[in-house]
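Next up, model.cif (mmCIF, C-alpha atoms and all ligand atoms):
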```cif
data_start
#
loop_
_atom_site.group_PDB
_atom_site.id
_atom_site.type_symbol
_atom_site.label_atom_id
_atom_site.label_comp_id
_atom_site.auth_asym_id
_atom_site.auth_seq_id
_atom_site.Cartn_x
_atom_site.Cartn_y
_atom_site.Cartn_z
ATOM 1 C CA MET H 1 354.955 130.129 -47.458
ATOM 2 C CA LYS H 2 355.880 128.481 -50.778
ATOM 3 C CA ILE H 3 356.561 124.750 -50.930
ATOM 4 C CA ASP H 4 359.479 123.621 -53.099
ATOM 5 C CA PRO H 5 358.666 120.328 -54.915
ATOM 6 C CA ALA H 6 362.333 119.258 -54.618
ATOM 7 C CA ALA H 7 362.025 119.477 -50.809
ATOM 8 C CA VAL H 8 358.812 117.415 -50.966
ATOM 9 C CA GLU H 9 360.519 114.741 -53.081
ATOM 10 C CA GLU H 10 363.398 114.480 -50.599
ATOM 11 C CA ALA H 11 360.985 114.344 -47.649
ATOM 12 C CA ALA H 12 358.845 111.670 -49.340
ATOM 13 C CA ARG H 13 361.993 109.589 -49.973
ATOM 14 C CA LEU H 14 363.308 109.931 -46.422
ATOM 15 C CA LEU H 15 359.901 109.383 -44.803
ATOM 16 C CA TYR H 16 359.403 106.055 -46.571
ATOM 17 C CA ILE H 17 362.756 104.773 -45.274
ATOM 18 C CA ARG H 18 362.291 106.247 -41.773
ATOM 19 C CA ALA H 19 358.782 104.777 -41.496
ATOM 20 C CA LEU H 20 360.045 101.304 -42.372
ATOM 21 C CA LYS H 21 362.865 101.480 -39.807
ATOM 22 C CA ILE H 22 361.687 103.482 -36.797
ATOM 23 C CA LEU H 23 358.662 102.382 -34.791
ATOM 24 C CA PRO H 24 356.858 105.390 -33.232
ATOM 25 C CA ASP H 25 357.296 105.809 -29.454
ATOM 26 C CA ASP H 26 353.553 105.488 -28.783
ATOM 27 C CA ILE H 27 353.611 101.953 -30.218
ATOM 28 C CA LYS H 28 356.663 101.033 -28.127
ATOM 29 C CA GLN H 29 354.854 102.323 -25.030
ATOM 30 C CA GLY H 30 351.816 100.294 -26.125
ATOM 31 C CA PHE H 31 354.003 97.160 -26.116
ATOM 32 C CA THR H 32 355.212 97.986 -22.582
ATOM 33 C CA ARG H 33 351.611 98.313 -21.356
ATOM 34 C CA LEU H 34 350.571 95.019 -22.971
ATOM 35 C CA GLN H 35 353.633 93.193 -21.590
ATOM 36 C CA ALA H 36 352.753 94.376 -18.068
ATOM 37 C CA ALA H 37 349.122 93.244 -18.413
ATOM 38 C CA GLU H 38 349.674 89.910 -20.195
ATOM 39 C CA ARG H 39 348.581 86.908 -18.073
ATOM 40 C CA SER H 40 349.542 84.134 -20.493
ATOM 41 C CA ALA H 41 353.133 82.822 -20.268
ATOM 42 C CA THR H 42 353.130 82.118 -24.034
ATOM 43 C CA GLY H 43 351.718 85.576 -24.690
ATOM 44 C CA ARG H 44 354.495 87.170 -22.611
ATOM 45 C CA ARG H 45 357.171 85.165 -24.464
ATOM 46 C CA VAL H 46 355.769 86.196 -27.849
ATOM 47 C CA LEU H 47 355.569 89.866 -26.830
ATOM 48 C CA ASP H 48 359.161 89.757 -25.517
ATOM 49 C CA THR H 49 360.348 88.316 -28.840
ATOM 50 C CA MET H 50 358.503 91.008 -30.797
ATOM 51 C CA VAL H 51 360.006 93.770 -28.665
ATOM 52 C CA ARG H 52 363.473 92.254 -29.120
ATOM 53 C CA ASN H 53 362.899 92.121 -32.907
ATOM 54 C CA ILE H 54 362.073 95.846 -32.909
ATOM 55 C CA ALA H 55 365.206 96.691 -30.871
ATOM 56 C CA VAL H 56 367.484 94.572 -33.095
ATOM 57 C CA ALA H 57 366.022 96.103 -36.278
ATOM 58 C CA GLU H 58 366.671 99.620 -34.990
ATOM 59 C CA GLN H 59 370.156 98.823 -33.638
ATOM 60 C CA THR H 60 371.227 97.210 -36.914
ATOM 61 C CA ASP H 61 369.521 99.833 -39.127
ATOM 62 C CA ASN H 62 367.265 97.166 -40.651
ATOM 63 C CA LEU H 63 363.610 97.220 -41.649
ATOM 64 C CA LEU H 64 361.157 96.363 -38.853
ATOM 65 C CA CYS H 65 359.327 93.986 -41.209
ATOM 66 C CA GLN H 66 360.040 92.677 -44.708
ATOM 67 C CA ASP H 67 356.712 94.043 -45.949
ATOM 68 C CA THR H 68 357.389 97.513 -47.351
ATOM 69 C CA GLY H 69 353.639 98.003 -47.720
ATOM 70 C CA ILE H 70 351.557 100.204 -49.964
ATOM 71 C CA PRO H 71 352.893 103.766 -49.673
ATOM 72 C CA ILE H 72 350.305 106.187 -48.290
ATOM 73 C CA TYR H 73 350.950 109.915 -47.814
ATOM 74 C CA ASN H 74 348.680 112.208 -45.817
ATOM 75 C CA VAL H 75 349.231 115.865 -46.673
ATOM 76 C CA VAL H 76 347.732 118.505 -44.367
ATOM 77 C CA VAL H 77 347.964 122.053 -45.669
ATOM 78 C CA GLY H 78 347.780 125.069 -43.363
ATOM 79 C CA ARG H 79 346.597 128.562 -44.233
ATOM 80 C CA GLY H 80 348.755 130.757 -46.428
ATOM 81 C CA VAL H 81 350.662 127.806 -47.916
ATOM 82 C CA GLU H 82 351.274 127.955 -51.660
ATOM 83 C CA PHE H 83 352.123 124.961 -53.804
ATOM 84 C CA ASP H 84 351.617 123.487 -57.252
ATOM 85 C CA GLY H 85 349.328 120.507 -56.564
ATOM 86 C CA TRP H 86 350.398 118.511 -59.601
ATOM 87 C CA ALA H 87 354.079 119.083 -58.834
ATOM 88 C CA LEU H 88 353.464 117.962 -55.241
ATOM 89 C CA LYS H 89 351.922 114.672 -56.425
ATOM 90 C CA GLU H 90 354.788 114.076 -58.849
ATOM 91 C CA ALA H 91 357.343 114.902 -56.154
ATOM 92 C CA ILE H 92 355.850 112.392 -53.710
ATOM 93 C CA ALA H 93 355.818 109.612 -56.337
ATOM 94 C CA SER H 94 359.353 110.461 -57.349
ATOM 95 C CA GLY H 95 360.487 110.321 -53.697
ATOM 96 C CA VAL H 96 358.869 106.886 -53.322
ATOM 97 C CA ALA H 97 360.550 105.573 -56.485
ATOM 98 C CA ARG H 98 363.918 106.953 -55.366
ATOM 99 C CA ALA H 99 363.642 105.367 -51.906
ATOM 100 C CA THR H 100 362.821 102.046 -53.572
ATOM 101 C CA ARG H 101 365.700 102.239 -56.049
ATOM 102 C CA GLU H 102 368.364 103.892 -53.921
ATOM 103 C CA HIS H 103 367.908 102.172 -50.512
ATOM 104 C CA PRO H 104 366.996 99.662 -52.074
ATOM 105 C CA LEU H 105 363.557 98.536 -50.881
ATOM 106 C CA ARG H 106 361.359 95.703 -52.119
ATOM 107 C CA SER H 107 358.638 97.146 -54.340
ATOM 108 C CA SER H 108 355.393 95.614 -53.032
ATOM 109 C CA VAL H 109 353.142 97.265 -55.653
ATOM 110 C CA VAL H 110 351.770 95.368 -58.665
ATOM 111 C CA HIS H 111 349.118 95.873 -61.360
ATOM 112 C CA PRO H 112 345.933 94.237 -60.000
ATOM 113 C CA LEU H 113 345.222 92.231 -63.177
ATOM 114 C CA THR H 114 348.613 91.473 -64.722
ATOM 115 C CA ARG H 115 350.469 91.390 -61.355
ATOM 116 C CA GLN H 116 353.327 93.231 -63.086
ATOM 117 C CA ASN H 117 355.689 94.940 -60.622
ATOM 118 C CA LEU H 118 357.293 98.154 -61.878
ATOM 119 C CA HIS H 119 359.848 97.959 -59.026
ATOM 120 C CA THR H 120 359.208 101.578 -58.104
ATOM 121 C CA SER H 121 356.607 101.035 -55.327
ATOM 122 C CA CYS H 122 354.419 103.210 -57.580
ATOM 123 C CA GLY H 123 351.690 102.536 -60.135
ATOM 124 C CA THR H 124 348.261 103.708 -61.172
ATOM 125 C CA ARG H 125 346.901 105.808 -58.254
ATOM 126 C CA ILE H 126 349.808 104.639 -56.076
ATOM 127 C CA PRO H 127 351.248 106.131 -53.887
ATOM 128 C CA VAL H 128 347.916 106.838 -52.234
ATOM 129 C CA ILE H 129 347.818 110.571 -51.452
ATOM 130 C CA HIS H 130 345.228 112.177 -49.178
ATOM 131 C CA ILE H 131 345.092 115.957 -48.977
ATOM 132 C CA ASP H 132 343.364 117.856 -46.180
ATOM 133 C CA PHE H 133 343.498 121.399 -44.842
ATOM 134 C CA CYS H 134 343.936 122.879 -41.367
ATOM 135 C CA GLU H 135 343.749 126.296 -39.741
ATOM 136 C CA ALA H 136 347.407 126.543 -38.663
ATOM 137 C CA PRO H 137 349.273 129.244 -40.603
ATOM 138 C CA ASP H 138 352.433 128.590 -42.637
ATOM 139 C CA CYS H 139 352.593 124.847 -42.026
ATOM 140 C CA LEU H 140 352.351 121.776 -44.230
ATOM 141 C CA THR H 141 352.710 118.264 -42.846
ATOM 142 C CA LEU H 142 353.541 115.198 -44.888
ATOM 143 C CA GLU H 143 352.890 111.911 -43.111
ATOM 144 C CA MET H 144 353.947 108.582 -44.585
ATOM 145 C CA ILE H 145 352.247 105.303 -43.678
ATOM 146 C CA PRO H 146 353.451 102.082 -45.308
ATOM 147 C CA LYS H 147 350.449 99.758 -44.958
ATOM 148 C CA GLY H 148 351.388 96.065 -45.072
ATOM 149 C CA SER H 149 349.169 93.407 -46.580
ATOM 150 C CA GLY H 150 348.637 91.375 -43.407
ATOM 151 C CA SER H 151 346.763 94.273 -41.914
ATOM 152 C CA GLU H 152 345.185 95.559 -45.125
ATOM 153 C CA ASN H 153 343.840 92.138 -46.166
ATOM 154 C CA ASN H 154 341.765 92.230 -43.014
ATOM 155 C CA SER H 155 339.388 95.025 -43.955
ATOM 156 C CA TRP H 156 335.614 94.875 -43.859
ATOM 157 C CA LEU H 157 332.529 96.961 -44.570
ATOM 158 C CA LYS H 158 329.047 96.253 -43.206
ATOM 159 C CA MET H 159 326.010 98.234 -44.336
ATOM 160 C CA ALA H 160 323.947 97.512 -41.224
ATOM 161 C CA LEU H 161 320.330 98.550 -40.839
ATOM 162 C CA PRO H 162 319.608 101.657 -38.745
ATOM 163 C CA ALA H 163 317.190 99.540 -36.682
ATOM 164 C CA GLU H 164 320.142 97.308 -35.693
ATOM 165 C CA GLY H 165 321.711 100.327 -33.996
ATOM 166 C CA VAL H 166 325.080 100.494 -32.222
ATOM 167 C CA ASP H 167 324.843 96.838 -31.175
ATOM 168 C CA ALA H 168 325.283 95.788 -34.822
ATOM 169 C CA ILE H 169 328.481 97.855 -34.986
ATOM 170 C CA LYS H 170 329.881 96.323 -31.797
ATOM 171 C CA THR H 171 329.083 92.741 -32.899
ATOM 172 C CA PHE H 172 330.586 93.437 -36.322
ATOM 173 C CA VAL H 173 333.869 94.723 -34.825
ATOM 174 C CA VAL H 174 334.197 91.723 -32.503
ATOM 175 C CA ASP H 175 333.477 89.327 -35.403
ATOM 176 C CA CYS H 176 336.150 91.069 -37.528
ATOM 177 C CA VAL H 177 338.786 90.802 -34.788
ATOM 178 C CA LEU H 178 338.011 87.095 -34.329
ATOM 179 C CA SER H 179 338.005 86.484 -38.074
ATOM 180 C CA ALA H 180 341.386 88.239 -38.468
ATOM 181 C CA GLY H 181 342.899 86.111 -35.687
ATOM 182 C CA GLY H 182 346.680 86.019 -36.093
ATOM 183 C CA LYS H 183 346.633 87.081 -39.759
ATOM 184 C CA THR H 184 347.081 90.769 -38.882
ATOM 185 C CA CYS H 185 350.212 90.146 -36.774
ATOM 186 C CA PRO H 186 348.577 91.279 -33.529
ATOM 187 C CA PRO H 187 348.666 93.224 -31.264
ATOM 188 C CA THR H 188 346.853 95.569 -33.608
ATOM 189 C CA ILE H 189 345.165 98.927 -33.665
ATOM 190 C CA VAL H 190 341.604 98.141 -34.700
ATOM 191 C CA GLY H 191 340.336 101.045 -36.811
ATOM 192 C CA VAL H 192 336.568 101.460 -36.925
ATOM 193 C CA GLY H 193 334.720 103.803 -39.272
ATOM 194 C CA VAL H 194 331.117 104.613 -38.382
ATOM 195 C CA GLY H 195 328.700 106.463 -40.635
ATOM 196 C CA GLY H 196 329.184 108.355 -43.891
ATOM 197 C CA THR H 197 328.853 106.595 -47.237
ATOM 198 C CA ALA H 198 330.365 103.182 -47.982
ATOM 199 C CA ASP H 199 333.639 104.663 -49.287
ATOM 200 C CA LEU H 200 333.918 107.342 -46.588
ATOM 201 C CA CYS H 201 333.252 104.738 -43.896
ATOM 202 C CA VAL H 202 336.163 102.559 -45.098
ATOM 203 C CA HIS H 203 338.374 105.652 -45.325
ATOM 204 C CA LEU H 204 337.473 106.584 -41.731
ATOM 205 C CA ALA H 205 338.424 103.093 -40.561
ATOM 206 C CA LYS H 206 341.887 103.587 -42.105
ATOM 207 C CA ILE H 207 342.268 107.007 -40.466
ATOM 208 C CA ALA H 208 341.319 105.421 -37.138
ATOM 209 C CA ALA H 209 343.723 102.485 -37.581
ATOM 210 C CA THR H 210 346.669 104.753 -38.363
ATOM 211 C CA ARG H 211 346.103 107.328 -35.598
ATOM 212 C CA PRO H 212 348.727 107.454 -32.805
ATOM 213 C CA LEU H 213 347.983 105.493 -29.647
ATOM 214 C CA GLY H 214 346.641 107.799 -26.950
ATOM 215 C CA SER H 215 344.652 109.885 -29.448
ATOM 216 C CA HIS H 216 340.872 109.795 -29.189
ATOM 217 C CA CYS H 217 337.814 110.244 -31.357
ATOM 218 C CA ASP H 218 336.594 113.876 -31.374
ATOM 219 C CA ASP H 219 332.968 112.729 -31.158
ATOM 220 C CA PRO H 220 331.884 111.936 -27.521
ATOM 221 C CA GLN H 221 329.796 108.884 -28.531
ATOM 222 C CA GLY H 222 332.611 107.686 -30.776
ATOM 223 C CA ARG H 223 335.022 108.037 -27.870
ATOM 224 C CA GLU H 224 332.743 106.020 -25.606
ATOM 225 C CA LEU H 225 332.561 103.291 -28.259
ATOM 226 C CA GLU H 226 336.379 103.297 -28.399
ATOM 227 C CA THR H 227 336.584 102.665 -24.656
ATOM 228 C CA GLN H 228 333.980 99.901 -24.702
ATOM 229 C CA LEU H 229 335.475 98.084 -27.685
ATOM 230 C CA SER H 230 339.080 98.491 -26.454
ATOM 231 C CA ASN H 231 338.082 96.664 -23.255
ATOM 232 C CA VAL H 232 336.197 93.927 -25.115
ATOM 233 C CA VAL H 233 338.749 92.958 -27.797
ATOM 234 C CA ASN H 234 341.427 92.027 -25.259
ATOM 235 C CA THR H 235 339.080 89.491 -23.675
ATOM 236 C CA LEU H 236 338.772 87.508 -26.949
ATOM 237 C CA GLY H 237 341.937 85.441 -26.413
ATOM 238 C CA VAL H 238 343.495 86.026 -29.862
ATOM 239 C CA GLY H 239 346.705 87.351 -28.278
ATOM 240 C CA ALA H 240 350.064 88.396 -29.702
ATOM 241 C CA GLN H 241 350.596 86.890 -33.182
ATOM 242 C CA GLY H 242 347.325 84.988 -32.673
ATOM 243 C CA LEU H 243 348.993 82.532 -30.283
ATOM 244 C CA GLY H 244 346.641 83.217 -27.388
ATOM 245 C CA GLY H 245 346.624 85.643 -24.474
ATOM 246 C CA ASP H 246 345.344 89.096 -23.626
ATOM 247 C CA ALA H 247 347.354 91.251 -26.054
ATOM 248 C CA THR H 248 345.024 91.160 -29.065
ATOM 249 C CA ALA H 249 345.022 94.919 -29.641
ATOM 250 C CA PHE H 250 346.786 98.045 -28.423
ATOM 251 C CA ALA H 251 343.459 99.851 -28.779
ATOM 252 C CA VAL H 252 340.296 100.235 -30.825
ATOM 253 C CA HIS H 253 340.086 103.637 -32.524
ATOM 254 C CA VAL H 254 336.833 105.029 -33.901
ATOM 255 C CA GLU H 255 336.192 107.784 -36.450
ATOM 256 C CA VAL H 256 332.679 109.076 -37.068
ATOM 257 C CA ALA H 257 330.832 110.853 -39.891
ATOM 258 C CA HIS H 258 327.163 111.748 -40.131
ATOM 259 C CA THR H 259 325.230 109.431 -42.407
ATOM 260 C CA HIS H 260 321.943 109.026 -44.287
ATOM 261 C CA ILE H 261 318.726 108.416 -42.313
ATOM 262 C CA THR H 262 318.437 104.904 -43.789
ATOM 263 C CA LEU H 263 322.138 103.951 -43.519
ATOM 264 C CA ASN H 264 324.156 102.472 -40.635
ATOM 265 C CA PRO H 265 327.566 101.699 -42.150
ATOM 266 C CA ALA H 266 330.499 100.351 -40.165
ATOM 267 C CA ALA H 267 333.964 99.483 -41.464
ATOM 268 C CA VAL H 268 337.038 97.900 -39.907
ATOM 269 C CA ASN H 269 340.627 98.370 -40.999
ATOM 270 C CA MET H 270 343.459 96.901 -38.965
ATOM 271 C CA GLN H 271 346.919 98.221 -38.275
ATOM 272 C CA CYS H 272 349.445 95.512 -37.366
ATOM 273 C CA HIS H 273 351.993 95.742 -34.525
ATOM 274 C CA SER H 274 354.501 97.110 -37.044
ATOM 275 C CA ALA H 275 352.417 100.283 -36.997
ATOM 276 C CA ARG H 276 354.851 102.447 -38.883
ATOM 277 C CA ARG H 277 354.388 106.187 -39.422
ATOM 278 C CA ALA H 278 356.780 109.040 -40.146
ATOM 279 C CA LEU H 279 356.034 112.732 -40.454
ATOM 280 C CA ALA H 280 357.754 115.799 -41.919
ATOM 281 C CA ARG H 281 356.690 119.319 -40.931
ATOM 282 C CA PHE H 282 357.357 122.122 -43.411
ATOM 283 C CA THR H 283 357.484 125.605 -41.852
ATOM 284 C CA PRO H 284 359.291 128.847 -42.827
ATOM 285 C CA ALA H 285 362.173 127.588 -40.586
ATOM 286 C CA GLY H 286 362.667 124.468 -42.751
ATOM 287 C CA VAL H 287 361.688 120.793 -42.643
ATOM 288 C CA ALA H 288 361.559 118.945 -39.299
ATOM 289 C CA TYR H 289 361.114 115.177 -39.019
ATOM 290 C CA GLU H 290 359.040 113.583 -36.235
HETATM 291 S S1 LIG G 1 350.992 92.526 -41.054
HETATM 292 FE FE1 LIG G 1 352.526 94.014 -40.394
HETATM 293 S S2 LIG G 1 354.031 92.864 -39.168
HETATM 294 FE FE2 LIG G 1 352.765 91.387 -40.335
HETATM 295 S S3 LIG G 1 353.957 90.985 -42.204
HETATM 296 FE FE3 LIG G 1 352.521 92.661 -42.694
HETATM 297 S S4 LIG G 1 353.624 94.587 -42.252
HETATM 298 FE FE4 LIG G 1 354.756 92.890 -41.291
#
```
Write the structure described by the file as structure tokens, please.
Amino acid sequence: MKIDPAAVEEAARLLYIRALKILPDDIKQGFTRLQAAERSATGRRVLDTMVRNIAVAEQTDNLLCQDTGIPIYNVVVGRGVEFDGWALKEAIASGVARATREHPLRSSVVHPLTRQNLHTSCGTRIPVIHIDFCEAPDCLTLEMIPKGSGSENNSWLKMALPAEGVDAIKTFVVDCVLSAGGKTCPPTIVGVGVGGTADLCVHLAKIAATRPLGSHCDDPQGRELETQLSNVVNTLGVGAQGLGGDATAFAVHVEVAHTHITLNPAAVNMQCHSARRALARFTPAGVAYE
């Protein structure tokens, strides 16, 4: 199967807009679960308001949040798929710039030193593009994740000592959730990376934070850590929008990589309640949006 860069550009454009406007069903179901479990009257009121905000945004074809985020694209390439890698990168950036200009969207991307905004939502190394490969034949998926600053500003890395073990990771995650408080617009998905190198660990935390609710870590110990930490974070009292209550997080997600014998890295990356994702699936039958 050959991938046409023009189709990638159009998908990248549409995905950015769709991601900003349509909250995935798993997050909506996550809200329903938290509303049912919330014991604080204030917490219930805040959750109700957030759910109403989501419904109004979708009914009026508006953005779910004013923060258009940093554009991130995850490309997963199946077997037997042919494409020009450079053209694919250019097509994604061009789709992002078109969405920004044509919708129009606020460009949230600036040069880190001059703070100059090109008003394209693009710049040096932006959009962020991750490419991975899978076994499925004749399939390429393009997933778009606009990551807002409230959630991204609350990112941490700890190079713990191996002797400190798993307890250091658990304490670190709890400290991060408390330190973030309401700044991440909770309820959140708390993404935890465990192992690898410093950079891989932070990357894993982002993968974990942006995974759909209901998905689980492939590693059995990682999955157990997910369950333990998911139970703990909703006893911390941060609550929806940091105003108190049980609904601090939809879930804690963990991703694991093997590491060096003298390393014990842990990273946290948060996803806010506006946990937007949109995906396009390229197959020989055409492009389908999910
Ligand atoms: S953290 Fe999320 S909900 Fe809060 S302002 Fe940023 S994108 Fe919007």
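For the set H:Thr141, H:Asn264, H:Gln66, H:Ser149, the residue with the smallest atom-to-atom gap to Phe172 (chain H) is H:Asn264, counting all atoms listed in the file.
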**Picked residues, the PyMOL selection byres (((not hetatm)) within 12 of (chain G and resi 1)), as a PyMOL selection string** = chain H and resi 19-21+23+50+53-54+63-71+108+145-154+180-189+240-242+269-277
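Near Pro220 (chain H), within 12 Å and counting only C-alpha atoms, sit H:Leu225, H:Glu226, H:Thr227, H:Val254, H:Glu255, H:Val256; same-chain residues fewer than 5 positions away were not included.
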**Message:** Report as a ChimeraX atom specification all protein, DNA and RNA residues lying within 6 Å of region 5-10 of chain H, evaluated on all atoms listed in the file, omitting residues in the same chain fewer than 3 positions from it.
**Reply:** /H:13,88,91-92,95
**Request:** For region 156-171 of chain H, work out the shell of residues within 12 Å, counting only C-alpha atoms and skipping chain neighbours fewer than 6 positions away, then give it as a PyMOL selection string.
**Result:** chain H and resi 177-180+190-206+221-222+224-233+252+254+259-270
**Prompt:** Using the chain letters and numbers from the file, which residues does the PyMOL selection byres (((chain H and resi 126) around 9) and not hetatm) grab, as a ChimeraX atom specification?
**Reply:** /H:70-72,93,109,121-125,127-129
**Request:** Quick one: apply the PyMOL selection byres (((chain H and resi 76) around 6) and not hetatm) to the file and drop the selected residues here as a PyMOL selection string.
**Result:** chain H and resi 75+77+131-133+140-141
**Prompt:** Which value, in Å to one decimal, gives the distance between CA of Arg281 (chain H) and CA of Phe83 (chain H)?
**Reply:**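 Rounded to one decimal, the two atoms are 14.8 Å apart.
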**Fill in**
Residue with the minimum atom-to-atom distance to Ala280 (chain H), picked from H:Arg18, H:Arg106, H:His130, H:Arg101 with all atoms listed in the file counted, is H:Arg18
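Residue nearest His216 (chain H) within the list H:Ile17, H:Ala288, H:Cys134, H:Ala251: H:Ala251 [criterion: smallest interatomic distance, only C-alpha atoms].
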**Message:** When you count only C-alpha atoms, which of these residues is closest to Phe250 (chain H): H:Leu105, H:Ala136, H:Leu113, H:Ala209?
**Reply:**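 Of H:Leu105, H:Ala136, H:Leu113, H:Ala209, the one nearest Phe250 (chain H) is H:Ala209, counting only C-alpha atoms.
Residue nearest Met144 (chain H), chosen from H:Thr42, H:Thr210, H:Asn62, H:Gln29 and counting only C-alpha atoms: H:Thr210.
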**Message:** Please report the interatomic distance between CA of Glu290 (chain H) and CA of Ala87 (chain H) in Å with one decimal.
**Reply:**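 Result for CA of Glu290 (chain H) versus CA of Ala87 (chain H): 23.8 Å, one decimal.
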**Request:** Work out how far CA of Ser94 (chain H) is from CA of Cys139 (chain H), in Å to one decimal.
**Result:** 22.1 Å
**Request:** Could you check which of H:Gly30, H:Pro24, H:Gly43, H:Pro137 is closest to Leu243 (chain H), using only C-alpha atoms?
**Result:**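 Comparing H:Gly30, H:Pro24, H:Gly43, H:Pro137 against Leu243 (chain H), the winner is H:Gly43.
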Can you rebuild region 179-185 of chain H with all heavy atoms and give it as a CSV table (one decimal), in the coordinates of the input?
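The resulting file, part-v5.csv, is reproduced below:
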```
chain,number,residue,atom,x,y,z
H,179,SER,N,337.7,87.0,-36.7
H,179,SER,CA,338.0,86.5,-38.1
H,179,SER,C,339.4,86.8,-38.5
H,179,SER,O,340.1,85.9,-39.2
H,179,SER,CB,337.0,87.1,-39.0
H,179,SER,OG,337.4,87.0,-40.3
H,180,ALA,N,340.0,87.9,-38.1
H,180,ALA,CA,341.4,88.2,-38.5
H,180,ALA,C,342.4,87.3,-37.7
H,180,ALA,O,343.4,86.9,-38.3
H,180,ALA,CB,341.7,89.7,-38.1
H,181,GLY,N,342.0,87.0,-36.5
H,181,GLY,CA,342.9,86.1,-35.7
H,181,GLY,C,344.3,86.6,-35.7
H,181,GLY,O,344.6,87.8,-35.5
H,182,GLY,N,345.3,85.7,-36.1
H,182,GLY,CA,346.7,86.0,-36.1
H,182,GLY,C,347.1,86.6,-37.4
H,182,GLY,O,348.3,87.0,-37.6
H,183,LYS,N,346.2,86.7,-38.4
H,183,LYS,CA,346.6,87.1,-39.8
H,183,LYS,C,347.1,88.5,-39.9
H,183,LYS,O,347.7,88.9,-40.8
H,183,LYS,CB,345.5,86.8,-40.7
H,183,LYS,CG,345.2,85.3,-41.0
H,183,LYS,CD,344.0,85.1,-41.9
H,183,LYS,CE,342.7,85.5,-41.2
H,183,LYS,NZ,341.6,85.2,-42.0
H,184,THR,N,346.7,89.4,-38.9
H,184,THR,CA,347.1,90.8,-38.9
H,184,THR,C,348.3,91.0,-38.1
H,184,THR,O,348.7,92.2,-37.8
H,184,THR,CB,346.0,91.6,-38.3
H,184,THR,OG1,345.6,91.0,-37.1
H,184,THR,CG2,344.8,91.7,-39.2
H,185,CYS,N,349.0,90.0,-37.6
H,185,CYS,CA,350.2,90.1,-36.8
H,185,CYS,C,349.9,91.0,-35.5
H,185,CYS,O,350.5,92.1,-35.3
H,185,CYS,CB,351.4,90.7,-37.5
H,185,CYS,SG,352.0,89.7,-38.9
```
